[in-house]
$ cat data19.cif   # mmCIF, N, CA and C atoms
data_data
#
loop_
_atom_site.label_atom_id
_atom_site.label_comp_id
_atom_site.auth_asym_id
_atom_site.auth_seq_id
_atom_site.Cartn_x
_atom_site.Cartn_y
_atom_site.Cartn_z
N TYR A 1 -15.31 -40.46 -8.16
CA TYR A 1 -14.52 -41.56 -8.68
C TYR A 1 -13.88 -41.14 -10.00
N PRO A 2 -12.67 -41.58 -10.25
CA PRO A 2 -12.01 -41.22 -11.51
C PRO A 2 -12.79 -41.75 -12.71
N PHE A 3 -12.90 -40.90 -13.72
CA PHE A 3 -13.65 -41.25 -14.93
C PHE A 3 -13.13 -42.53 -15.58
N ILE A 4 -11.84 -42.80 -15.47
CA ILE A 4 -11.23 -43.98 -16.10
C ILE A 4 -11.82 -45.29 -15.55
N TRP A 5 -12.40 -45.24 -14.37
CA TRP A 5 -13.00 -46.43 -13.76
C TRP A 5 -14.40 -46.73 -14.31
N MET A 6 -14.95 -45.81 -15.09
CA MET A 6 -16.33 -45.96 -15.55
C MET A 6 -16.52 -47.21 -16.41
N ILE A 7 -15.63 -47.47 -17.35
CA ILE A 7 -15.77 -48.64 -18.24
C ILE A 7 -15.66 -49.95 -17.44
N PRO A 8 -14.64 -50.13 -16.60
CA PRO A 8 -14.60 -51.37 -15.81
C PRO A 8 -15.80 -51.51 -14.87
N PHE A 9 -16.26 -50.39 -14.30
CA PHE A 9 -17.41 -50.45 -13.41
C PHE A 9 -18.67 -50.85 -14.20
N PHE A 10 -18.84 -50.31 -15.40
CA PHE A 10 -19.96 -50.69 -16.25
C PHE A 10 -19.92 -52.19 -16.55
N CYS A 11 -18.76 -52.71 -16.91
CA CYS A 11 -18.61 -54.15 -17.20
C CYS A 11 -18.96 -54.98 -15.96
N TYR A 12 -18.52 -54.52 -14.80
CA TYR A 12 -18.84 -55.19 -13.54
C TYR A 12 -20.35 -55.19 -13.33
N GLN A 13 -21.00 -54.07 -13.61
CA GLN A 13 -22.44 -53.97 -13.45
C GLN A 13 -23.20 -54.88 -14.41
N VAL A 14 -22.68 -55.05 -15.61
CA VAL A 14 -23.32 -55.97 -16.57
C VAL A 14 -23.35 -57.37 -15.98
N VAL A 15 -22.23 -57.80 -15.36
CA VAL A 15 -22.17 -59.17 -14.84
C VAL A 15 -22.82 -59.34 -13.48
N THR A 16 -23.02 -58.27 -12.75
CA THR A 16 -23.65 -58.40 -11.43
C THR A 16 -25.11 -57.96 -11.51
N SER A 17 -25.36 -56.67 -11.39
CA SER A 17 -26.74 -56.16 -11.39
C SER A 17 -27.48 -56.48 -12.68
N GLY A 18 -26.80 -56.41 -13.79
CA GLY A 18 -27.44 -56.70 -15.07
C GLY A 18 -27.99 -58.11 -15.14
N MET A 19 -27.40 -59.01 -14.40
CA MET A 19 -27.85 -60.40 -14.44
C MET A 19 -29.16 -60.63 -13.67
N GLU A 20 -29.69 -59.57 -13.06
CA GLU A 20 -31.03 -59.64 -12.49
C GLU A 20 -32.08 -59.66 -13.61
N GLU A 21 -31.73 -59.07 -14.74
CA GLU A 21 -32.72 -58.84 -15.80
C GLU A 21 -33.33 -60.08 -16.44
N PRO A 22 -32.59 -61.18 -16.61
CA PRO A 22 -33.28 -62.37 -17.13
C PRO A 22 -34.44 -62.80 -16.22
N GLY A 23 -34.31 -62.56 -14.93
CA GLY A 23 -35.40 -62.88 -14.01
C GLY A 23 -36.50 -61.83 -14.01
N TRP A 24 -36.10 -60.56 -13.86
CA TRP A 24 -37.10 -59.48 -13.76
C TRP A 24 -37.82 -59.23 -15.07
N ARG A 25 -37.05 -58.96 -16.12
CA ARG A 25 -37.67 -58.61 -17.40
C ARG A 25 -37.81 -59.80 -18.33
N GLY A 26 -36.94 -60.78 -18.21
CA GLY A 26 -37.01 -61.94 -19.10
C GLY A 26 -38.09 -62.94 -18.70
N PHE A 27 -38.37 -63.02 -17.40
CA PHE A 27 -39.37 -63.99 -16.92
C PHE A 27 -40.56 -63.31 -16.24
N LEU A 28 -40.30 -62.59 -15.13
CA LEU A 28 -41.39 -62.06 -14.31
C LEU A 28 -42.28 -61.08 -15.07
N LEU A 29 -41.70 -60.09 -15.73
CA LEU A 29 -42.50 -59.08 -16.40
C LEU A 29 -43.45 -59.69 -17.43
N PRO A 30 -42.98 -60.58 -18.34
CA PRO A 30 -43.93 -61.16 -19.30
C PRO A 30 -45.06 -61.95 -18.61
N GLU A 31 -44.74 -62.63 -17.51
CA GLU A 31 -45.78 -63.36 -16.78
C GLU A 31 -46.79 -62.41 -16.14
N LEU A 32 -46.30 -61.32 -15.56
CA LEU A 32 -47.20 -60.33 -14.97
C LEU A 32 -48.05 -59.64 -16.04
N ILE A 33 -47.46 -59.40 -17.21
CA ILE A 33 -48.21 -58.79 -18.31
C ILE A 33 -49.37 -59.69 -18.72
N LYS A 34 -49.12 -61.00 -18.79
CA LYS A 34 -50.18 -61.94 -19.15
C LYS A 34 -51.32 -61.88 -18.13
N LYS A 35 -50.95 -61.71 -16.86
CA LYS A 35 -51.95 -61.74 -15.79
C LYS A 35 -52.66 -60.40 -15.60
N TYR A 36 -51.91 -59.29 -15.65
CA TYR A 36 -52.46 -57.98 -15.29
C TYR A 36 -52.52 -56.97 -16.43
N GLY A 37 -51.85 -57.23 -17.54
CA GLY A 37 -51.68 -56.20 -18.56
C GLY A 37 -50.42 -55.42 -18.26
N VAL A 38 -49.90 -54.73 -19.25
CA VAL A 38 -48.59 -54.11 -19.10
C VAL A 38 -48.57 -52.95 -18.10
N GLY A 39 -49.66 -52.19 -18.00
CA GLY A 39 -49.66 -51.06 -17.07
C GLY A 39 -49.48 -51.48 -15.63
N LYS A 40 -50.36 -52.33 -15.15
CA LYS A 40 -50.27 -52.80 -13.77
C LYS A 40 -49.01 -53.64 -13.56
N ALA A 41 -48.64 -54.44 -14.56
CA ALA A 41 -47.44 -55.28 -14.44
C ALA A 41 -46.19 -54.44 -14.24
N SER A 42 -46.12 -53.28 -14.88
CA SER A 42 -44.93 -52.43 -14.72
C SER A 42 -44.80 -51.93 -13.29
N TRP A 43 -45.93 -51.54 -12.68
CA TRP A 43 -45.90 -51.04 -11.30
C TRP A 43 -45.63 -52.17 -10.31
N VAL A 44 -46.27 -53.33 -10.52
CA VAL A 44 -46.08 -54.47 -9.62
C VAL A 44 -44.62 -54.94 -9.68
N SER A 45 -44.07 -55.09 -10.88
CA SER A 45 -42.68 -55.55 -10.98
C SER A 45 -41.72 -54.52 -10.40
N GLY A 46 -42.02 -53.23 -10.58
CA GLY A 46 -41.19 -52.18 -9.99
C GLY A 46 -41.19 -52.23 -8.47
N LEU A 47 -42.37 -52.43 -7.88
CA LEU A 47 -42.47 -52.53 -6.43
C LEU A 47 -41.73 -53.77 -5.91
N MET A 48 -41.91 -54.90 -6.60
CA MET A 48 -41.21 -56.13 -6.20
C MET A 48 -39.70 -55.94 -6.31
N TRP A 49 -39.27 -55.26 -7.35
CA TRP A 49 -37.85 -55.01 -7.58
C TRP A 49 -37.29 -54.12 -6.47
N ALA A 50 -38.07 -53.12 -6.04
CA ALA A 50 -37.63 -52.24 -4.96
C ALA A 50 -37.47 -53.02 -3.65
N VAL A 51 -38.48 -53.81 -3.32
CA VAL A 51 -38.42 -54.61 -2.07
C VAL A 51 -37.24 -55.57 -2.11
N TRP A 52 -36.98 -56.16 -3.27
CA TRP A 52 -35.84 -57.07 -3.46
C TRP A 52 -34.53 -56.39 -3.04
N HIS A 53 -34.39 -55.10 -3.31
CA HIS A 53 -33.15 -54.38 -3.03
C HIS A 53 -33.02 -53.87 -1.61
N LEU A 54 -34.09 -53.89 -0.83
CA LEU A 54 -34.04 -53.30 0.52
C LEU A 54 -32.96 -53.91 1.42
N PRO A 55 -32.73 -55.23 1.41
CA PRO A 55 -31.65 -55.75 2.27
C PRO A 55 -30.27 -55.19 1.91
N PHE A 56 -30.11 -54.72 0.70
CA PHE A 56 -28.86 -54.10 0.28
C PHE A 56 -28.84 -52.61 0.64
N VAL A 57 -29.97 -51.94 0.47
CA VAL A 57 -30.05 -50.49 0.64
C VAL A 57 -30.07 -50.08 2.11
N ILE A 58 -30.81 -50.80 2.93
CA ILE A 58 -30.94 -50.41 4.35
C ILE A 58 -29.58 -50.29 5.04
N PRO A 59 -28.70 -51.28 4.97
CA PRO A 59 -27.41 -51.11 5.64
C PRO A 59 -26.52 -50.04 5.00
N MET A 60 -26.73 -49.78 3.71
CA MET A 60 -25.89 -48.81 3.02
C MET A 60 -26.05 -47.39 3.60
N TYR A 61 -27.24 -47.06 4.07
CA TYR A 61 -27.51 -45.71 4.56
C TYR A 61 -27.74 -45.65 6.07
N TRP A 62 -27.52 -46.74 6.75
CA TRP A 62 -27.81 -46.82 8.19
C TRP A 62 -27.07 -45.76 8.98
N SER A 63 -25.86 -45.43 8.61
CA SER A 63 -25.05 -44.49 9.38
C SER A 63 -25.58 -43.05 9.31
N LEU A 64 -26.53 -42.78 8.43
CA LEU A 64 -27.07 -41.42 8.28
C LEU A 64 -28.09 -41.06 9.36
N GLY A 65 -28.51 -42.05 10.13
CA GLY A 65 -29.54 -41.81 11.14
C GLY A 65 -30.90 -42.23 10.61
N ILE A 66 -31.82 -42.49 11.52
CA ILE A 66 -33.11 -43.09 11.16
C ILE A 66 -33.95 -42.18 10.25
N ALA A 67 -33.96 -40.87 10.50
CA ALA A 67 -34.78 -39.96 9.68
C ALA A 67 -34.28 -39.97 8.23
N MET A 68 -32.98 -39.87 8.06
CA MET A 68 -32.42 -39.86 6.70
C MET A 68 -32.54 -41.24 6.06
N GLU A 69 -32.42 -42.28 6.87
CA GLU A 69 -32.58 -43.66 6.37
C GLU A 69 -33.98 -43.85 5.78
N ILE A 70 -34.98 -43.43 6.51
CA ILE A 70 -36.37 -43.58 6.04
C ILE A 70 -36.60 -42.75 4.78
N THR A 71 -36.12 -41.52 4.78
CA THR A 71 -36.26 -40.65 3.62
C THR A 71 -35.57 -41.26 2.40
N THR A 72 -34.38 -41.78 2.61
CA THR A 72 -33.61 -42.38 1.52
C THR A 72 -34.32 -43.61 0.98
N ILE A 73 -34.85 -44.44 1.85
CA ILE A 73 -35.56 -45.65 1.41
C ILE A 73 -36.81 -45.30 0.62
N ILE A 74 -37.54 -44.29 1.08
CA ILE A 74 -38.74 -43.86 0.34
C ILE A 74 -38.35 -43.37 -1.05
N GLY A 75 -37.31 -42.56 -1.12
CA GLY A 75 -36.83 -42.07 -2.43
C GLY A 75 -36.34 -43.21 -3.31
N PHE A 76 -35.65 -44.16 -2.72
CA PHE A 76 -35.16 -45.32 -3.47
C PHE A 76 -36.33 -46.12 -4.04
N ILE A 77 -37.33 -46.39 -3.21
CA ILE A 77 -38.50 -47.15 -3.67
C ILE A 77 -39.21 -46.40 -4.79
N ALA A 78 -39.36 -45.09 -4.63
CA ALA A 78 -40.01 -44.29 -5.67
C ALA A 78 -39.24 -44.37 -6.98
N ALA A 79 -37.92 -44.28 -6.90
CA ALA A 79 -37.09 -44.35 -8.11
C ALA A 79 -37.17 -45.71 -8.77
N ILE A 80 -37.12 -46.77 -7.98
CA ILE A 80 -37.14 -48.12 -8.55
C ILE A 80 -38.49 -48.44 -9.17
N ILE A 81 -39.57 -47.99 -8.56
CA ILE A 81 -40.89 -48.21 -9.17
C ILE A 81 -40.95 -47.51 -10.53
N ALA A 82 -40.46 -46.28 -10.59
CA ALA A 82 -40.42 -45.56 -11.87
C ALA A 82 -39.51 -46.27 -12.87
N GLN A 83 -38.39 -46.77 -12.40
CA GLN A 83 -37.50 -47.51 -13.30
C GLN A 83 -38.16 -48.79 -13.80
N GLY A 84 -38.97 -49.42 -12.96
CA GLY A 84 -39.72 -50.60 -13.39
C GLY A 84 -40.64 -50.26 -14.56
N TYR A 85 -41.25 -49.08 -14.51
CA TYR A 85 -42.11 -48.61 -15.60
C TYR A 85 -41.27 -48.43 -16.87
N ILE A 86 -40.10 -47.81 -16.73
CA ILE A 86 -39.22 -47.58 -17.88
C ILE A 86 -38.74 -48.92 -18.46
N PHE A 87 -38.37 -49.85 -17.59
CA PHE A 87 -37.94 -51.16 -18.06
C PHE A 87 -39.07 -51.88 -18.79
N ALA A 88 -40.31 -51.77 -18.29
CA ALA A 88 -41.45 -52.39 -18.96
C ALA A 88 -41.62 -51.78 -20.35
N TRP A 89 -41.44 -50.47 -20.45
CA TRP A 89 -41.55 -49.80 -21.74
C TRP A 89 -40.46 -50.29 -22.70
N ILE A 90 -39.24 -50.40 -22.20
CA ILE A 90 -38.14 -50.89 -23.04
C ILE A 90 -38.46 -52.31 -23.51
N TYR A 91 -38.91 -53.15 -22.59
CA TYR A 91 -39.21 -54.54 -22.94
C TYR A 91 -40.33 -54.61 -23.98
N GLN A 92 -41.39 -53.85 -23.79
CA GLN A 92 -42.52 -53.88 -24.71
C GLN A 92 -42.14 -53.39 -26.11
N ASN A 93 -41.16 -52.51 -26.19
CA ASN A 93 -40.77 -51.97 -27.48
C ASN A 93 -39.63 -52.74 -28.15
N THR A 94 -38.95 -53.60 -27.40
CA THR A 94 -37.81 -54.32 -27.98
C THR A 94 -37.85 -55.83 -27.75
N HIS A 95 -38.51 -56.27 -26.68
CA HIS A 95 -38.50 -57.67 -26.24
C HIS A 95 -37.06 -58.19 -26.10
N SER A 96 -36.18 -57.30 -25.67
CA SER A 96 -34.76 -57.64 -25.53
C SER A 96 -34.34 -57.63 -24.07
N THR A 97 -33.98 -58.79 -23.57
CA THR A 97 -33.43 -58.86 -22.22
C THR A 97 -32.03 -58.26 -22.19
N MET A 98 -31.28 -58.42 -23.29
CA MET A 98 -29.92 -57.87 -23.34
C MET A 98 -29.95 -56.34 -23.22
N LEU A 99 -30.90 -55.70 -23.86
CA LEU A 99 -31.02 -54.25 -23.74
C LEU A 99 -31.34 -53.86 -22.30
N ALA A 100 -32.18 -54.65 -21.63
CA ALA A 100 -32.49 -54.40 -20.22
C ALA A 100 -31.23 -54.54 -19.37
N ILE A 101 -30.41 -55.54 -19.66
CA ILE A 101 -29.15 -55.74 -18.93
C ILE A 101 -28.26 -54.51 -19.09
N LEU A 102 -28.10 -54.05 -20.32
CA LEU A 102 -27.24 -52.89 -20.59
C LEU A 102 -27.80 -51.61 -19.96
N PHE A 103 -29.12 -51.46 -19.99
CA PHE A 103 -29.75 -50.30 -19.39
C PHE A 103 -29.57 -50.32 -17.87
N HIS A 104 -29.75 -51.48 -17.26
CA HIS A 104 -29.57 -51.62 -15.81
C HIS A 104 -28.13 -51.27 -15.43
N ALA A 105 -27.18 -51.81 -16.16
CA ALA A 105 -25.76 -51.52 -15.88
C ALA A 105 -25.47 -50.03 -16.07
N SER A 106 -26.08 -49.42 -17.07
CA SER A 106 -25.88 -47.98 -17.31
C SER A 106 -26.45 -47.14 -16.17
N LEU A 107 -27.65 -47.49 -15.72
CA LEU A 107 -28.25 -46.75 -14.60
C LEU A 107 -27.35 -46.78 -13.37
N ASN A 108 -26.88 -47.98 -13.04
CA ASN A 108 -26.02 -48.11 -11.86
C ASN A 108 -24.70 -47.39 -12.04
N THR A 109 -24.14 -47.47 -13.22
CA THR A 109 -22.86 -46.81 -13.49
C THR A 109 -23.00 -45.30 -13.40
N PHE A 110 -24.00 -44.74 -14.07
CA PHE A 110 -24.16 -43.30 -14.03
C PHE A 110 -24.52 -42.81 -12.64
N SER A 111 -25.33 -43.57 -11.92
CA SER A 111 -25.65 -43.19 -10.53
C SER A 111 -24.39 -43.13 -9.68
N MET A 112 -23.55 -44.13 -9.84
CA MET A 112 -22.31 -44.17 -9.05
C MET A 112 -21.40 -43.00 -9.38
N PHE A 113 -21.28 -42.67 -10.65
CA PHE A 113 -20.34 -41.63 -11.04
C PHE A 113 -20.92 -40.23 -10.94
N ILE A 114 -22.23 -40.11 -10.87
CA ILE A 114 -22.84 -38.78 -10.74
C ILE A 114 -23.09 -38.45 -9.28
N ILE A 115 -23.69 -39.38 -8.52
CA ILE A 115 -24.02 -39.07 -7.13
C ILE A 115 -23.28 -39.93 -6.12
N GLY A 116 -22.54 -40.93 -6.56
CA GLY A 116 -21.90 -41.86 -5.65
C GLY A 116 -20.82 -41.27 -4.78
N GLY A 117 -20.19 -40.21 -5.22
CA GLY A 117 -19.09 -39.64 -4.46
C GLY A 117 -19.52 -38.60 -3.45
N THR A 118 -20.76 -38.20 -3.46
CA THR A 118 -21.20 -37.14 -2.56
C THR A 118 -21.60 -37.68 -1.20
N LYS A 119 -21.44 -36.87 -0.20
CA LYS A 119 -21.87 -37.22 1.15
C LYS A 119 -23.24 -36.62 1.43
N ASP A 120 -23.79 -35.88 0.49
CA ASP A 120 -25.08 -35.22 0.66
C ASP A 120 -26.18 -36.07 0.02
N PRO A 121 -26.97 -36.79 0.82
CA PRO A 121 -27.98 -37.68 0.25
C PRO A 121 -29.11 -36.95 -0.47
N THR A 122 -29.26 -35.64 -0.24
CA THR A 122 -30.31 -34.91 -0.94
C THR A 122 -30.02 -34.80 -2.44
N VAL A 123 -28.78 -35.01 -2.83
CA VAL A 123 -28.41 -35.00 -4.25
C VAL A 123 -29.15 -36.13 -4.98
N ALA A 124 -29.51 -37.19 -4.28
CA ALA A 124 -30.21 -38.33 -4.89
C ALA A 124 -31.61 -37.95 -5.36
N VAL A 125 -32.12 -36.81 -4.94
CA VAL A 125 -33.44 -36.36 -5.38
C VAL A 125 -33.42 -36.09 -6.90
N ILE A 126 -32.31 -35.63 -7.42
CA ILE A 126 -32.23 -35.28 -8.84
C ILE A 126 -32.50 -36.50 -9.73
N PRO A 127 -31.82 -37.65 -9.54
CA PRO A 127 -32.14 -38.79 -10.39
C PRO A 127 -33.57 -39.30 -10.21
N VAL A 128 -34.11 -39.21 -9.00
CA VAL A 128 -35.50 -39.65 -8.77
C VAL A 128 -36.44 -38.78 -9.60
N LEU A 129 -36.25 -37.48 -9.56
CA LEU A 129 -37.11 -36.57 -10.33
C LEU A 129 -36.93 -36.79 -11.84
N LEU A 130 -35.71 -37.00 -12.27
CA LEU A 130 -35.47 -37.24 -13.70
C LEU A 130 -36.10 -38.57 -14.15
N THR A 131 -36.09 -39.56 -13.27
CA THR A 131 -36.70 -40.85 -13.59
C THR A 131 -38.21 -40.68 -13.75
N TRP A 132 -38.83 -39.95 -12.85
CA TRP A 132 -40.28 -39.72 -12.95
C TRP A 132 -40.63 -38.83 -14.14
N LEU A 133 -39.75 -37.90 -14.48
CA LEU A 133 -39.96 -37.11 -15.69
C LEU A 133 -39.95 -38.02 -16.92
N THR A 134 -39.04 -38.97 -16.94
CA THR A 134 -38.97 -39.95 -18.03
C THR A 134 -40.25 -40.76 -18.10
N VAL A 135 -40.77 -41.20 -16.96
CA VAL A 135 -42.04 -41.94 -16.93
C VAL A 135 -43.15 -41.08 -17.52
N PHE A 136 -43.19 -39.81 -17.16
CA PHE A 136 -44.21 -38.91 -17.68
C PHE A 136 -44.12 -38.81 -19.20
N ILE A 137 -42.91 -38.63 -19.71
CA ILE A 137 -42.71 -38.52 -21.17
C ILE A 137 -43.12 -39.82 -21.86
N ILE A 138 -42.68 -40.94 -21.32
CA ILE A 138 -43.04 -42.24 -21.91
C ILE A 138 -44.56 -42.41 -21.94
N SER A 139 -45.22 -42.01 -20.87
CA SER A 139 -46.68 -42.17 -20.82
C SER A 139 -47.37 -41.31 -21.87
N LYS A 140 -46.75 -40.23 -22.28
CA LYS A 140 -47.34 -39.35 -23.29
C LYS A 140 -47.07 -39.82 -24.72
N ILE A 141 -45.96 -40.52 -24.94
CA ILE A 141 -45.60 -40.91 -26.30
C ILE A 141 -45.94 -42.37 -26.63
N SER A 142 -46.55 -43.06 -25.67
CA SER A 142 -46.82 -44.49 -25.86
C SER A 142 -48.30 -44.79 -25.71
N ASP A 143 -48.72 -45.87 -26.35
CA ASP A 143 -50.08 -46.37 -26.19
C ASP A 143 -50.25 -46.84 -24.75
N LYS A 144 -51.33 -46.44 -24.10
CA LYS A 144 -51.54 -46.74 -22.68
C LYS A 144 -51.68 -48.24 -22.40
N LYS A 145 -52.28 -48.98 -23.33
CA LYS A 145 -52.52 -50.40 -23.08
C LYS A 145 -51.33 -51.28 -23.43
N THR A 146 -50.52 -50.87 -24.41
CA THR A 146 -49.43 -51.75 -24.87
C THR A 146 -48.04 -51.21 -24.51
N PHE A 147 -47.94 -49.95 -24.16
CA PHE A 147 -46.68 -49.25 -23.92
C PHE A 147 -45.84 -49.11 -25.18
N VAL A 148 -46.37 -49.46 -26.32
CA VAL A 148 -45.63 -49.35 -27.57
C VAL A 148 -45.72 -47.91 -28.04
N LEU A 149 -44.63 -47.42 -28.63
CA LEU A 149 -44.60 -46.05 -29.13
C LEU A 149 -45.74 -45.79 -30.09
N LYS A 150 -46.37 -44.62 -29.94
CA LYS A 150 -47.39 -44.21 -30.91
C LYS A 150 -46.67 -43.81 -32.19
N VAL A 151 -47.18 -44.27 -33.31
CA VAL A 151 -46.54 -43.93 -34.58
C VAL A 151 -47.40 -43.01 -35.39
#
$ encode --input "data19.cif" --output "structure tokens"
Amino acid sequence: YPFIWMIPFFCYQVVTSGMEEPGWRGFLLPELIKKYGVGKASWVSGLMWAVWHLPFVIPMYWSLGIAMEITTIIGFIAAIIAQGYIFAWIYQNTHSTMLAILFHASLNTFSMFIIGGTKDPTVAVIPVLLTWLTVFIISKISDKKTFVLKV
């Protein structure tokens, strides 16, 4: 996609996908944290968030065949669970739903402009691995119980 479309696409993502965040991070995550603590809440909200997206994702990759469809869905779920962890970390360190909205829009925008134009679904492995690398780094620099940065 032409680079010039990135800004309008980002704005579109803020108003569409970003508007999931008042529900996911503004409401659900704090409630899950009260019930389970931040560690378990991050994984539970990530899994719920992944399942929420399946009706959108399944038809998107249907033409690739069943084997690739299953592989893609597994990779998608793995990435979204990891992103749920990252979003929980962002929320715990900022308590900002607006930052979650902007981060969500950024993830979708960069995904579209980095891997969206390719016909090779194996390219999607790169963002999944980078997302899990981010989770690993966050887990090393943050308090395990609060997810707040160690100072």
$ closest_residue --input "data19.cif" --among "A:Gly18, A:Pro127, A:Pro2, A:Pro8" --to "A:Ala100" --atoms "all atoms listed in the file"
A:Gly18
$ resolve_selection --input "data19.cif" --expression "the PyMOL selection byres (((chain A and resi 44 and name CA) around 12) and name CA)" --output "PyMOL selection string"
chain A and resi 24+28-33+35-43+45-51+80-85+88
$ closest_residue --input "data19.cif" --among "A:Leu102, A:Ile141, A:Val151, A:Val125" --to "A:Phe10" --atoms "only C-alpha atoms"
A:Leu102
$ closest_residue --input "data19.cif" --among "A:Leu54, A:Ala105, A:Lys34, A:Leu133" --to "A:Ile74" --atoms "only C-alpha atoms"
A:Leu54
$ axis_aligned_box --input "data19.cif" --around "stretch 15-31 of chain A" --padding-each-side "4 Å" --output "JSON"
{"center_x": -34.5, "center_y": -60.1, "center_z": -15.3, "size_x": 32.6, "size_y": 15.8, "size_z": 15.9}
